[in-house]
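A.B. asks: Okay, so here is start-v8.txt, and as you'll see once you scroll down, it has compact mmCIF, C-alpha atoms.
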```txt
# COMPACT_ATOMS: atom_id res chain seq x y z
CA MET A 1 17.46 15.71 21.22
CA ARG A 2 13.71 15.86 20.66
CA ILE A 3 12.66 12.80 18.66
CA ALA A 4 9.29 12.51 16.94
CA PHE A 5 8.80 8.83 16.13
CA TYR A 6 5.90 7.76 13.90
CA GLY A 7 5.33 4.00 14.09
CA SER A 8 2.75 1.23 14.24
CA SER A 9 2.41 0.93 18.02
CA LEU A 10 4.53 1.20 21.12
CA LEU A 11 1.69 0.16 23.41
CA SER A 12 0.50 -3.02 21.72
CA SER A 13 2.15 -6.07 20.17
CA TYR A 14 -1.17 -7.20 18.67
CA TRP A 15 -0.43 -7.90 14.97
CA ASN A 16 2.63 -5.76 15.64
CA GLY A 17 5.88 -7.66 16.05
CA ALA A 18 7.91 -4.45 16.14
CA ALA A 19 6.57 -3.42 19.56
CA THR A 20 9.35 -5.07 21.56
CA TYR A 21 11.96 -3.58 19.25
CA TYR A 22 10.56 -0.07 19.62
CA ARG A 23 10.28 -0.37 23.39
CA GLY A 24 13.81 -1.65 23.87
CA ILE A 25 15.56 0.95 21.72
CA LEU A 26 13.44 3.99 22.55
CA ARG A 27 13.65 3.41 26.30
CA GLU A 28 17.44 3.27 25.99
CA LEU A 29 17.44 6.52 24.01
CA ALA A 30 15.31 8.16 26.70
CA GLU A 31 17.75 6.99 29.37
CA ARG A 32 20.53 8.65 27.38
CA GLY A 33 18.78 12.02 27.59
CA HIS A 34 16.67 12.06 24.42
CA ASP A 35 13.09 13.36 24.58
CA VAL A 36 11.08 10.77 22.63
CA THR A 37 7.42 11.13 21.59
CA PHE A 38 5.79 8.18 19.86
CA PHE A 39 2.86 8.71 17.48
CA GLU A 40 0.64 5.71 16.70
CA PRO A 41 -2.78 5.36 15.04
CA ASP A 42 -5.82 3.85 16.69
CA ALA A 43 -6.16 0.99 14.22
CA PHE A 44 -6.33 -2.81 13.86
CA ASP A 45 -7.75 -3.20 17.42
CA ARG A 46 -4.30 -2.60 18.86
CA GLN A 47 -5.52 -0.18 21.51
CA GLN A 48 -7.99 -2.83 22.72
CA HIS A 49 -5.08 -5.28 23.13
CA ARG A 50 -2.43 -3.16 24.84
CA ASP A 51 0.50 -4.93 26.47
CA ILE A 52 1.71 -1.90 28.39
CA ASP A 53 0.43 1.41 29.67
CA PRO A 54 1.98 4.59 28.23
CA PRO A 55 5.52 4.55 29.66
CA GLU A 56 6.96 7.40 31.68
CA TRP A 57 10.03 7.48 29.43
CA ALA A 58 8.10 8.30 26.23
CA PRO A 59 4.81 10.18 25.81
CA VAL A 60 2.55 8.30 23.37
CA VAL A 61 0.13 10.18 21.14
CA VAL A 62 -2.64 7.86 19.93
CA TYR A 63 -4.52 9.48 17.05
CA PRO A 64 -7.69 8.47 15.18
CA ALA A 65 -7.12 6.96 11.75
CA THR A 66 -8.52 10.03 9.97
CA THR A 67 -6.98 12.61 7.64
CA GLU A 68 -7.75 15.39 10.12
CA ALA A 69 -5.90 13.65 12.95
CA LEU A 70 -3.09 12.73 10.59
CA ASN A 71 -2.46 16.39 9.75
CA GLU A 72 -2.44 17.32 13.42
CA VAL A 73 0.22 14.78 14.36
CA MET A 74 2.29 15.52 11.26
CA ASP A 75 2.42 19.20 12.26
CA GLN A 76 4.22 18.18 15.46
CA ALA A 77 7.21 17.05 13.44
CA ALA A 78 8.18 20.71 13.07
CA SER A 79 9.32 20.92 16.69
CA ALA A 80 11.60 17.88 16.62
CA ASP A 81 15.37 17.63 16.20
CA VAL A 82 14.96 14.12 14.78
CA VAL A 83 11.96 12.98 12.73
CA VAL A 84 11.55 9.22 12.30
CA LYS A 85 8.96 7.54 10.10
CA ALA A 86 8.91 3.77 10.56
CA SER A 87 7.70 1.30 7.97
CA GLY A 88 4.46 -0.57 8.44
CA VAL A 89 2.39 1.97 10.36
CA GLY A 90 -0.52 0.54 8.42
CA VAL A 91 -2.56 3.73 8.10
CA PHE A 92 -1.71 6.52 5.62
CA ASP A 93 1.88 5.27 5.36
CA ASP A 94 2.70 7.18 2.16
CA GLU A 95 1.06 10.40 3.29
CA LEU A 96 2.72 10.16 6.68
CA LEU A 97 6.20 9.73 5.23
CA GLN A 98 5.84 12.67 2.88
CA GLY A 99 4.06 14.87 5.41
CA VAL A 100 6.41 14.57 8.36
CA MET A 101 9.52 15.00 6.22
CA GLU A 102 8.09 18.12 4.56
CA ARG A 103 7.24 19.58 7.97
CA ALA A 104 10.62 18.80 9.56
CA ARG A 105 12.95 21.73 10.20
CA PRO A 106 15.83 22.19 7.73
CA ASP A 107 18.35 21.26 10.42
CA ALA A 108 16.41 18.24 11.71
CA LEU A 109 17.58 14.71 10.99
CA ARG A 110 15.16 12.93 8.65
CA ILE A 111 15.15 9.15 9.13
CA PHE A 112 13.20 6.28 7.62
CA TRP A 113 13.35 3.30 9.96
CA ASP A 114 12.54 0.10 8.12
CA VAL A 115 11.40 -2.73 10.38
CA ASP A 116 10.75 -5.01 7.40
CA ALA A 117 13.47 -4.12 4.92
CA ALA A 118 13.17 -7.25 2.82
CA ALA A 119 9.49 -6.58 2.11
CA THR A 120 10.00 -2.86 1.54
CA LEU A 121 12.82 -3.46 -0.93
CA ASP A 122 10.72 -5.99 -2.83
CA GLU A 123 7.94 -3.41 -3.09
CA MET A 124 10.34 -0.72 -4.32
CA ARG A 125 11.82 -3.02 -6.95
CA ALA A 126 8.31 -3.68 -8.25
CA ALA A 127 7.25 -0.01 -8.17
CA PRO A 128 9.80 2.66 -9.23
CA ASP A 129 7.38 5.36 -8.01
CA HIS A 130 7.11 3.81 -4.53
CA ALA A 131 6.71 6.47 -1.81
CA VAL A 132 9.83 5.38 0.08
CA ARG A 133 11.91 5.36 -3.08
CA ARG A 134 10.75 8.89 -3.91
CA ALA A 135 11.60 10.04 -0.39
CA LEU A 136 15.13 8.58 -0.21
CA PRO A 137 17.03 11.55 -1.75
CA GLY A 138 15.59 13.87 0.90
CA LEU A 139 16.37 11.63 3.85
CA ASP A 140 19.53 11.82 5.92
CA LEU A 141 19.53 8.17 6.89
CA VAL A 142 17.80 4.81 6.59
CA LEU A 143 17.93 2.54 9.62
CA THR A 144 16.84 -1.08 9.38
CA TYR A 145 16.31 -3.78 11.97
CA GLY A 146 18.12 -6.37 9.91
CA GLY A 147 19.47 -7.35 6.52
CA GLY A 148 23.19 -6.70 6.82
CA ASP A 149 25.24 -5.80 3.76
CA PRO A 150 22.62 -6.96 1.22
CA VAL A 151 20.09 -4.46 2.57
CA VAL A 152 22.65 -1.67 2.94
CA SER A 153 23.76 -2.12 -0.67
CA ALA A 154 20.20 -2.28 -1.97
CA TYR A 155 19.19 0.92 -0.21
CA ARG A 156 22.26 2.74 -1.48
CA GLU A 157 21.55 1.61 -5.03
CA MET A 158 18.04 3.00 -4.74
CA GLY A 159 19.22 6.43 -3.65
CA ALA A 160 19.70 6.37 0.11
CA ARG A 161 22.55 8.55 1.36
CA GLU A 162 23.31 6.09 4.14
CA SER A 163 21.81 2.86 5.49
CA ILE A 164 22.72 1.23 8.81
CA PRO A 165 21.29 -1.97 10.32
CA VAL A 166 20.22 -1.82 13.97
CA TYR A 167 19.44 -5.40 14.85
CA ASN A 168 16.83 -6.79 17.17
CA ALA A 169 18.08 -7.55 20.65
CA LEU A 170 17.24 -8.69 24.16
CA ASP A 171 15.47 -6.54 26.72
CA PRO A 172 16.62 -8.27 29.94
CA GLN A 173 14.04 -6.32 31.94
CA SER A 174 11.24 -7.93 29.94
CA HIS A 175 12.57 -11.32 28.86
CA PHE A 176 14.25 -13.63 31.36
CA PRO A 177 13.97 -17.18 32.73
CA VAL A 178 10.82 -17.96 34.74
CA GLU A 179 9.20 -21.06 36.17
CA PRO A 180 7.45 -23.36 33.66
CA ASP A 181 3.73 -22.82 33.09
CA PRO A 182 1.54 -25.91 32.44
CA ARG A 183 -0.48 -23.95 29.86
CA PHE A 184 2.52 -24.02 27.54
CA ALA A 185 3.77 -27.55 28.23
CA CYS A 186 4.85 -29.37 25.04
CA ASP A 187 7.89 -30.68 23.23
CA LEU A 188 8.06 -27.90 20.61
CA ALA A 189 6.37 -24.49 20.58
CA PHE A 190 6.13 -21.87 17.86
CA LEU A 191 4.92 -18.30 18.30
CA GLY A 192 4.05 -16.16 15.29
CA ASN A 193 1.06 -14.73 13.46
CA ARG A 194 -0.27 -16.42 10.35
CA LEU A 195 1.10 -14.45 7.40
CA PRO A 196 1.09 -15.32 3.68
CA ASP A 197 4.88 -15.21 3.35
CA ARG A 198 5.41 -17.36 6.44
CA GLU A 199 2.72 -20.02 6.20
CA ALA A 200 4.51 -22.41 3.83
CA ARG A 201 7.61 -22.33 6.04
CA VAL A 202 5.51 -22.99 9.14
CA GLU A 203 4.01 -26.00 7.33
CA GLU A 204 7.51 -27.28 6.56
CA PHE A 205 9.34 -26.49 9.79
CA PHE A 206 6.53 -26.96 12.34
CA LEU A 207 3.61 -28.98 10.98
CA LYS A 208 5.75 -31.52 9.13
CA PRO A 209 7.75 -32.43 12.28
CA ALA A 210 4.45 -32.72 14.14
CA THR A 211 3.32 -35.24 11.55
CA LEU A 212 6.62 -37.12 11.67
CA LEU A 213 6.63 -37.26 15.49
CA SER A 214 3.04 -38.18 16.25
CA GLU A 215 3.94 -39.22 19.81
CA ARG A 216 5.29 -35.74 20.62
CA SER A 217 3.26 -32.65 21.61
CA PHE A 218 3.33 -29.33 19.76
CA LEU A 219 1.97 -25.86 20.56
CA ILE A 220 1.40 -22.93 18.20
CA GLY A 221 0.65 -19.41 19.42
CA GLY A 222 -0.33 -16.35 17.42
CA ASN A 223 -3.24 -14.89 15.50
CA GLY A 224 -4.86 -16.45 12.46
CA TRP A 225 -4.11 -20.15 12.98
CA GLU A 226 -7.54 -21.13 14.32
CA SER A 227 -8.80 -21.97 10.82
CA LYS A 228 -5.67 -23.90 9.80
CA ALA A 229 -5.90 -27.69 9.59
CA MET A 230 -3.28 -29.24 11.88
CA PRO A 231 -2.23 -32.67 13.14
CA SER A 232 -4.01 -33.87 16.28
CA ASN A 233 -0.87 -33.48 18.39
CA VAL A 234 -0.78 -29.70 17.78
CA ARG A 235 -2.59 -27.29 20.11
CA HIS A 236 -3.40 -23.69 19.12
CA ARG A 237 -3.37 -20.97 21.72
CA GLY A 238 -4.18 -17.72 19.84
CA HIS A 239 -2.60 -14.39 20.72
CA VAL A 240 0.07 -14.66 23.42
CA TYR A 241 0.60 -11.37 25.22
CA THR A 242 4.11 -10.07 25.80
CA ALA A 243 3.82 -10.67 29.54
CA GLU A 244 3.33 -14.38 28.81
CA HIS A 245 6.28 -14.77 26.43
CA ASN A 246 8.74 -15.80 29.12
CA ALA A 247 6.58 -18.69 30.28
CA PHE A 248 5.83 -19.62 26.67
CA ASN A 249 9.57 -19.86 25.97
CA CYS A 250 10.69 -21.45 29.25
CA THR A 251 8.15 -24.27 29.45
CA PRO A 252 8.59 -26.41 26.28
CA LEU A 253 11.52 -28.70 25.67
CA ALA A 254 12.39 -26.43 22.70
CA VAL A 255 10.96 -23.45 20.85
CA LEU A 256 11.02 -22.83 17.12
CA ASN A 257 11.85 -19.73 15.09
CA VAL A 258 10.57 -19.60 11.51
CA ALA A 259 11.58 -16.60 9.41
CA ARG A 260 9.28 -15.17 6.80
CA ASP A 261 10.20 -15.96 3.18
CA SER A 262 11.74 -12.56 2.48
CA MET A 263 13.77 -12.45 5.70
CA ALA A 264 15.09 -15.96 5.21
CA HIS A 265 16.06 -15.13 1.63
CA ILE A 266 17.99 -11.97 2.46
CA GLY A 267 19.57 -13.30 5.67
CA PHE A 268 21.09 -11.35 8.58
CA SER A 269 17.57 -10.78 9.93
CA PRO A 270 17.09 -12.34 13.38
CA ALA A 271 13.49 -11.92 14.52
CA THR A 272 12.64 -10.44 17.88
CA ARG A 273 11.50 -13.92 18.92
CA VAL A 274 15.08 -15.21 18.62
CA PHE A 275 16.30 -12.88 21.35
CA GLU A 276 13.18 -13.28 23.48
CA ALA A 277 13.65 -17.05 23.49
CA ALA A 278 17.38 -16.85 24.15
CA GLY A 279 16.79 -14.27 26.88
CA ALA A 280 14.46 -16.69 28.62
CA GLY A 281 17.12 -19.41 28.46
CA ALA A 282 15.09 -21.49 26.00
CA CYS A 283 16.54 -24.11 23.68
CA LEU A 284 15.91 -22.55 20.29
CA ILE A 285 15.60 -24.38 16.98
CA THR A 286 15.70 -22.01 14.01
CA ASP A 287 15.30 -22.42 10.29
CA ALA A 288 18.59 -21.85 8.47
CA TRP A 289 19.42 -18.37 7.17
CA GLU A 290 22.66 -16.63 6.29
CA GLY A 291 24.27 -14.80 9.18
CA ILE A 292 22.88 -16.79 12.11
CA GLU A 293 26.39 -17.37 13.45
CA LEU A 294 26.80 -13.61 14.00
CA PHE A 295 24.18 -13.84 16.73
CA LEU A 296 24.22 -17.41 18.09
CA LYS A 297 26.64 -20.28 17.57
CA PRO A 298 25.03 -23.30 15.85
CA ASP A 299 24.96 -26.54 17.86
CA GLU A 300 26.11 -24.77 21.02
CA GLU A 301 23.77 -21.79 21.44
CA VAL A 302 21.11 -22.67 18.86
CA LEU A 303 20.03 -25.64 16.75
CA VAL A 304 19.73 -24.91 13.03
CA ALA A 305 17.39 -26.80 10.69
CA ARG A 306 17.41 -26.83 6.89
CA ASP A 307 13.93 -28.36 6.67
CA GLY A 308 11.22 -30.09 8.65
CA GLN A 309 13.10 -33.36 8.75
CA ASP A 310 16.01 -31.60 10.46
CA VAL A 311 13.61 -30.15 13.06
CA ALA A 312 12.21 -33.63 13.71
CA ASP A 313 15.71 -35.09 14.00
CA HIS A 314 16.79 -32.39 16.45
CA LEU A 315 13.70 -32.91 18.57
CA ALA A 316 13.87 -36.72 18.51
CA THR A 317 17.39 -36.73 20.00
CA LEU A 318 17.11 -33.68 22.26
CA THR A 319 17.37 -34.46 25.96
CA PRO A 320 16.24 -32.06 28.70
CA GLU A 321 19.87 -31.81 29.84
CA ARG A 322 21.13 -30.75 26.42
CA ALA A 323 18.21 -28.37 25.96
CA ARG A 324 19.10 -26.65 29.23
CA MET A 325 22.77 -26.45 28.21
CA ILE A 326 21.93 -24.81 24.88
CA GLY A 327 19.50 -22.42 26.56
CA ARG A 328 22.05 -21.33 29.17
CA ALA A 329 24.69 -20.73 26.50
CA ALA A 330 22.28 -18.66 24.39
CA LEU A 331 21.24 -16.61 27.41
CA ALA A 332 24.86 -15.77 28.24
CA ARG A 333 25.60 -14.79 24.64
CA VAL A 334 22.66 -12.44 24.12
CA ARG A 335 23.08 -10.78 27.51
CA ALA A 336 26.72 -10.07 26.72
CA GLU A 337 26.50 -9.06 23.05
CA HIS A 338 22.91 -8.46 21.98
CA SER A 339 21.12 -6.29 24.52
CA TYR A 340 19.00 -3.24 23.78
CA ALA A 341 21.41 -1.27 25.96
CA LEU A 342 24.04 -1.89 23.28
CA ARG A 343 21.59 -1.11 20.46
CA GLY A 344 20.55 2.09 22.22
CA GLU A 345 24.20 3.08 22.56
CA GLN A 346 24.63 2.47 18.83
CA VAL A 347 21.63 4.60 17.84
CA ASP A 348 22.56 7.36 20.29
CA ALA A 349 26.02 7.61 18.69
CA ILE A 350 24.50 7.63 15.19
CA LEU A 351 22.08 10.45 16.04
CA ARG A 352 24.70 12.61 17.74
CA GLU A 353 27.29 12.13 15.00
CA ARG A 354 24.88 12.76 12.12
CA SER A 355 23.34 15.75 13.86
CA ALA A 356 26.75 17.33 14.51
CA ALA A 357 27.75 16.75 10.90
CA LYS A 358 24.54 18.25 9.53
CA THR A 359 24.42 21.46 11.53
CA PRO A 360 27.51 23.16 9.96
CA GLN A 361 26.23 22.22 6.52
CA GLN A 362 22.92 23.93 7.20
CA GLU A 363 24.68 27.02 8.54
CA MET A 364 26.75 27.22 5.36
CA GLU A 365 23.62 26.94 3.23
CA ARG A 366 21.94 29.74 5.16
CA ALA A 367 25.02 32.01 5.00
```
Mind turning the file's structure into structure tokens?
C.D. replies:
Amino acid sequence: MRIAFYGSSLLSSYWNGAATYYRGILRELAERGHDVTFFEPDAFDRQQHRDIDPPEWAPVVVYPATTEALNEVMDQAASADVVVKASGVGVFDDELLQGVMERARPDALRIFWDVDAAATLDEMRAAPDHAVRRALPGLDLVLTYGGGDPVVSAYREMGARESIPVYNALDPQSHFPVEPDPRFACDLAFLGNRLPDREARVEEFFLKPATLLSERSFLIGGNGWESKAMPSNVRHRGHVYTAEHNAFNCTPLAVLNVARDSMAHIGFSPATRVFEAAGAGACLITDAWEGIELFLKPDEEVLVARDGQDVADHLATLTPERARMIGRAALARVRAEHSYALRGEQVDAILRERSAAKTPQQEMERA
């Protein structure tokens, strides 16, 4: 099937945590015979911070952030069998959603792919005239990268015909164990951009343990933290490119995952970083959220912390031997059960089944 996918960026992970997710799933769809074209705006300096070149498995159309260019790329939706508008493109989101769905053929599958369902649902609850909420009756399907039953139920209540979670996963071609890198040497590392709905949790789960364990070393990577006051035993490294993630995860004694407020509240929302760290064989400490055991087993494949004191306690008693044991167990689990090959298989089946079910209906309507 010809898939027109409108998203934030396939080429750059700069202020764009969905990049790994898009790459993993769309490459798998291409390997299963789908013809995928990705449309992304030239915005937020992402094109100046590319992680990858345009891949051979998916043409990428980079368009200027102008209304003229927007109309040109929206017109290309008319030739697709599947039209996907992802959340969080960041430029003309409302116009893009309405425009590509209006231009899609009657028999094309119309999909909204929500890569931040918790935030989108909060916005829709606060604004009954929200663009996504208005679009739901005309969509065939909502896919989300997390949220489980709470998100599925919420989307159905707001008018979606169907909602299916497609969780983050491991791309074993991109994330795997490597040799330690002295640049990332520390006891605990955290990688994530500074965002309003994450900062308080980073203070609790990362900066508080750093204060409690003044003799230990801490490293924080990501954009926006350079102006944040931190304990003297915390180093800041700025943006960490995807190609450096393996070394970032493999070098410290442990790495930390901190969910954003909305994701932690709704649960069943493992961040891409969870699978990247596990795929590198890292010992992962994560803040507690409902559903973690569906992905990694607490105390054996991941360490779970309810607050900063728990993080400090885990770190204070963690030996290199136990850290390696937890990392190896996590690596085996995600390779077996949480790969993008499996997610791609899931999405391929969804597209083929929904397309086959829709075609007879359209023929009946035309008859």
A.B. asks: Which is closer to Glu56 of chain A than all the others in A:Pro137, A:Asp187, A:Asp35, A:Gly159, using all atoms listed in the file?
C.D. replies: A:Asp35
A.B. asks: Counting all atoms listed in the file, which of A:Glu321, A:Gly146, A:Ala259, A:Ala312 gets nearest to Phe295 of chain A?
C.D. replies: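 Using all atoms listed in the file, the shortest distance to Phe295 of chain A belongs to A:Gly146.
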A.B. asks: Show me, as a list in words, the residues that have an atom within 8 Å of Ala131 of chain A when counting all atoms listed in the file, minus same-chain residues fewer than 2 positions from it.
C.D. replies: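 My list of contacting residues is Asp94, Leu97, Gln98, Asp129, Arg133, Arg134 and Ala135 of chain A.
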A.B. asks: Need the neighbours of (8.5, 10.0, 23.2): which residues are at most 7 Å away, counting only C-alpha atoms, as a PyMOL selection string?
C.D. replies: chain A and resi 3-4+35-38+57-60
A.B. asks: So how many Å separate atom CA of Asp114 of chain A and atom CA of Asp75 of chain A, to one decimal?
C.D. replies: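 Between atom CA of Asp114 of chain A and atom CA of Asp75 of chain A the gap works out to 22.0 Å.
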A.B. asks: So for segment 14-26 of chain A, what box centre and size do we get, axis-aligned, 8 Å extra on each of the six sides, every listed atom, Å to one decimal, as JSON?
C.D. replies:
```
{"center_x": 7.2, "center_y": -2.0, "center_z": 19.4, "size_x": 32.7, "size_y": 27.9, "size_z": 24.9}
```
A.B. asks: For Arg335 of chain A, which residue among A:Ala189, A:Leu170, A:Val73, A:Val115 is the nearest when counting only C-alpha atoms?
C.D. replies: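 Using only C-alpha atoms, the shortest distance to Arg335 of chain A belongs to A:Leu170.
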A.B. asks: Report the distance between atom CA of Val91 of chain A and atom CA of Glu31 of chain A in Å, rounded to one decimal place.
C.D. replies: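 Distance between the two atoms: 29.6 Å.
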A.B. asks: Would you mind listing what lies within 10 Å of segment 353-358 of chain A as a ChimeraX atom specification, with only C-alpha atoms counted and same-chain residues fewer than 3 positions away left out?
C.D. replies: /A:1,81-82,106-109,140-141,347-350,361-363
A.B. asks: Taking all atoms listed in the file into account, which of A:Met158, A:Val152, A:Ala323, A:Ala43 comes nearest His130 of chain A?
C.D. replies: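 Closest candidate: A:Met158.
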A.B. asks: From the set A:Asp93, A:Glu276, A:Glu199, A:Glu215, which residue has the shortest atom-to-atom contact distance to Gly7 of chain A, counting all atoms listed in the file?
C.D. replies: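 Closest candidate: A:Asp93.
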A.B. asks: Record the distance separating atom CA of Ala336 of chain A and atom CA of Ala169 of chain A, expressed in Å with one decimal.
C.D. replies: 10.9 Å
A.B. asks: Considering only C-alpha atoms, return as a list in words whatever protein or nucleic-acid residues lie within 7 Å of Arg103 of chain A, sequence-local ones (same chain, fewer than 2 positions apart) excluded.
C.D. replies: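 Close residues of Arg103 of chain A: Asp75, Ala77, Ala78, Gly99, Val100, Met101 and Arg105 of chain A.
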A.B. asks: Residues as selected, C-alpha atoms, written as a PDB file, keeping the file's coordinate frame, can you do that?
C.D. replies:
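Saved the output as selection07.pdb:
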```
ATOM      1  CA  ASP A  75       2.420  19.200  12.260  1.00  0.00           C
ATOM      2  CA  ALA A  77       7.210  17.050  13.440  1.00  0.00           C
ATOM      3  CA  ALA A  78       8.180  20.710  13.070  1.00  0.00           C
ATOM      4  CA  GLY A  99       4.060  14.870   5.410  1.00  0.00           C
ATOM      5  CA  VAL A 100       6.410  14.570   8.360  1.00  0.00           C
ATOM      6  CA  MET A 101       9.520  15.000   6.220  1.00  0.00           C
ATOM      7  CA  ARG A 105      12.950  21.730  10.200  1.00  0.00           C
TER       8      ARG A 105
END
```
A.B. asks: Between A:Pro252, A:Pro196, A:Pro64, A:Gly147, which one has atoms that come closest to Pro182 of chain A, using all atoms listed in the file?
C.D. replies: A:Pro252
A.B. asks: Give me, as a PyMOL selection string, all polymer residues having an atom no more than 10 Å from Arg198 of chain A, counting all atoms listed in the file and skipping those fewer than 3 positions away in the same chain.
C.D. replies: chain A and resi 192-195+201-203+258-264
A.B. asks: Can you tell me, as a list of chain:residue names, which residues sit within 12 Å of (28.2, -14.2, 14.9) in the file's frame, using all atoms listed in the file?
C.D. replies: A:Phe268, A:Pro270, A:Glu290, A:Gly291, A:Ile292, A:Glu293, A:Leu294, A:Phe295, A:Leu296, A:Lys297, A:Pro298, A:Glu301, A:Val302, A:Arg333, A:Val334, A:Glu337, A:His338
A.B. asks: Would you pick out the contacts of Gly308 of chain A at 9 Å or less, using all atoms listed in the file, so that residues sharing its chain but fewer than 5 positions from it are not included, and give the list as a tab-separated table (two decimals) with C-alpha atoms, keeping the file's coordinate frame?
C.D. replies:
```tsv
chain	number	residue	atom	x	y	z
A	201	ARG	CA	7.61	-22.33	6.04
A	203	GLU	CA	4.01	-26.00	7.33
A	204	GLU	CA	7.51	-27.28	6.56
A	205	PHE	CA	9.34	-26.49	9.79
A	206	PHE	CA	6.53	-26.96	12.34
A	207	LEU	CA	3.61	-28.98	10.98
A	208	LYS	CA	5.75	-31.52	9.13
A	209	PRO	CA	7.75	-32.43	12.28
A	212	LEU	CA	6.62	-37.12	11.67
A	287	ASP	CA	15.30	-22.42	10.29
A	313	ASP	CA	15.71	-35.09	14.00
```
A.B. asks: Will you model all heavy atoms for segment 129-134 of chain A and pass it back as a short mmCIF file (atom, residue, chain, number, x, y, z; two decimals), keeping the file's coordinate frame?
C.D. replies:
```
data_model
loop_
_atom_site.label_atom_id
_atom_site.label_comp_id
_atom_site.auth_asym_id
_atom_site.auth_seq_id
_atom_site.Cartn_x
_atom_site.Cartn_y
_atom_site.Cartn_z
N ASP A 129 7.94 4.15 -8.58
CA ASP A 129 7.38 5.36 -8.01
C ASP A 129 6.94 5.16 -6.55
O ASP A 129 6.16 5.94 -6.01
CB ASP A 129 6.18 5.82 -8.83
CG ASP A 129 5.05 4.79 -8.85
OD1 ASP A 129 5.32 3.62 -8.53
OD2 ASP A 129 3.90 5.17 -9.17
N HIS A 130 7.44 4.11 -5.91
CA HIS A 130 7.11 3.81 -4.53
C HIS A 130 7.42 5.02 -3.65
O HIS A 130 8.42 5.72 -3.84
CB HIS A 130 7.93 2.60 -4.06
CG HIS A 130 7.48 2.01 -2.77
ND1 HIS A 130 7.78 2.57 -1.55
CD2 HIS A 130 6.73 0.89 -2.50
CE1 HIS A 130 7.27 1.82 -0.58
NE2 HIS A 130 6.62 0.80 -1.14
N ALA A 131 6.56 5.29 -2.65
CA ALA A 131 6.71 6.47 -1.81
C ALA A 131 8.05 6.52 -1.09
O ALA A 131 8.67 7.59 -0.98
CB ALA A 131 5.57 6.53 -0.79
N VAL A 132 8.53 5.39 -0.61
CA VAL A 132 9.83 5.38 0.08
C VAL A 132 10.95 5.69 -0.90
O VAL A 132 11.86 6.47 -0.60
CB VAL A 132 10.07 4.02 0.77
CG1 VAL A 132 11.47 3.96 1.36
CG2 VAL A 132 9.03 3.79 1.86
N ARG A 133 10.87 5.12 -2.08
CA ARG A 133 11.91 5.36 -3.08
C ARG A 133 11.95 6.84 -3.46
O ARG A 133 13.03 7.42 -3.64
CB ARG A 133 11.66 4.50 -4.31
CG ARG A 133 12.86 4.44 -5.25
CD ARG A 133 12.72 3.28 -6.22
NE ARG A 133 13.95 3.06 -6.97
CZ ARG A 133 14.18 2.01 -7.74
NH1 ARG A 133 13.25 1.06 -7.85
NH2 ARG A 133 15.32 1.87 -8.38
N ARG A 134 10.79 7.47 -3.59
CA ARG A 134 10.75 8.89 -3.91
C ARG A 134 11.33 9.73 -2.78
O ARG A 134 11.93 10.78 -3.02
CB ARG A 134 9.31 9.34 -4.17
CG ARG A 134 8.65 8.73 -5.40
CD ARG A 134 7.42 9.54 -5.82
NE ARG A 134 6.52 9.78 -4.71
CZ ARG A 134 5.50 8.99 -4.38
NH1 ARG A 134 5.29 7.86 -5.06
NH2 ARG A 134 4.70 9.28 -3.37
#
```
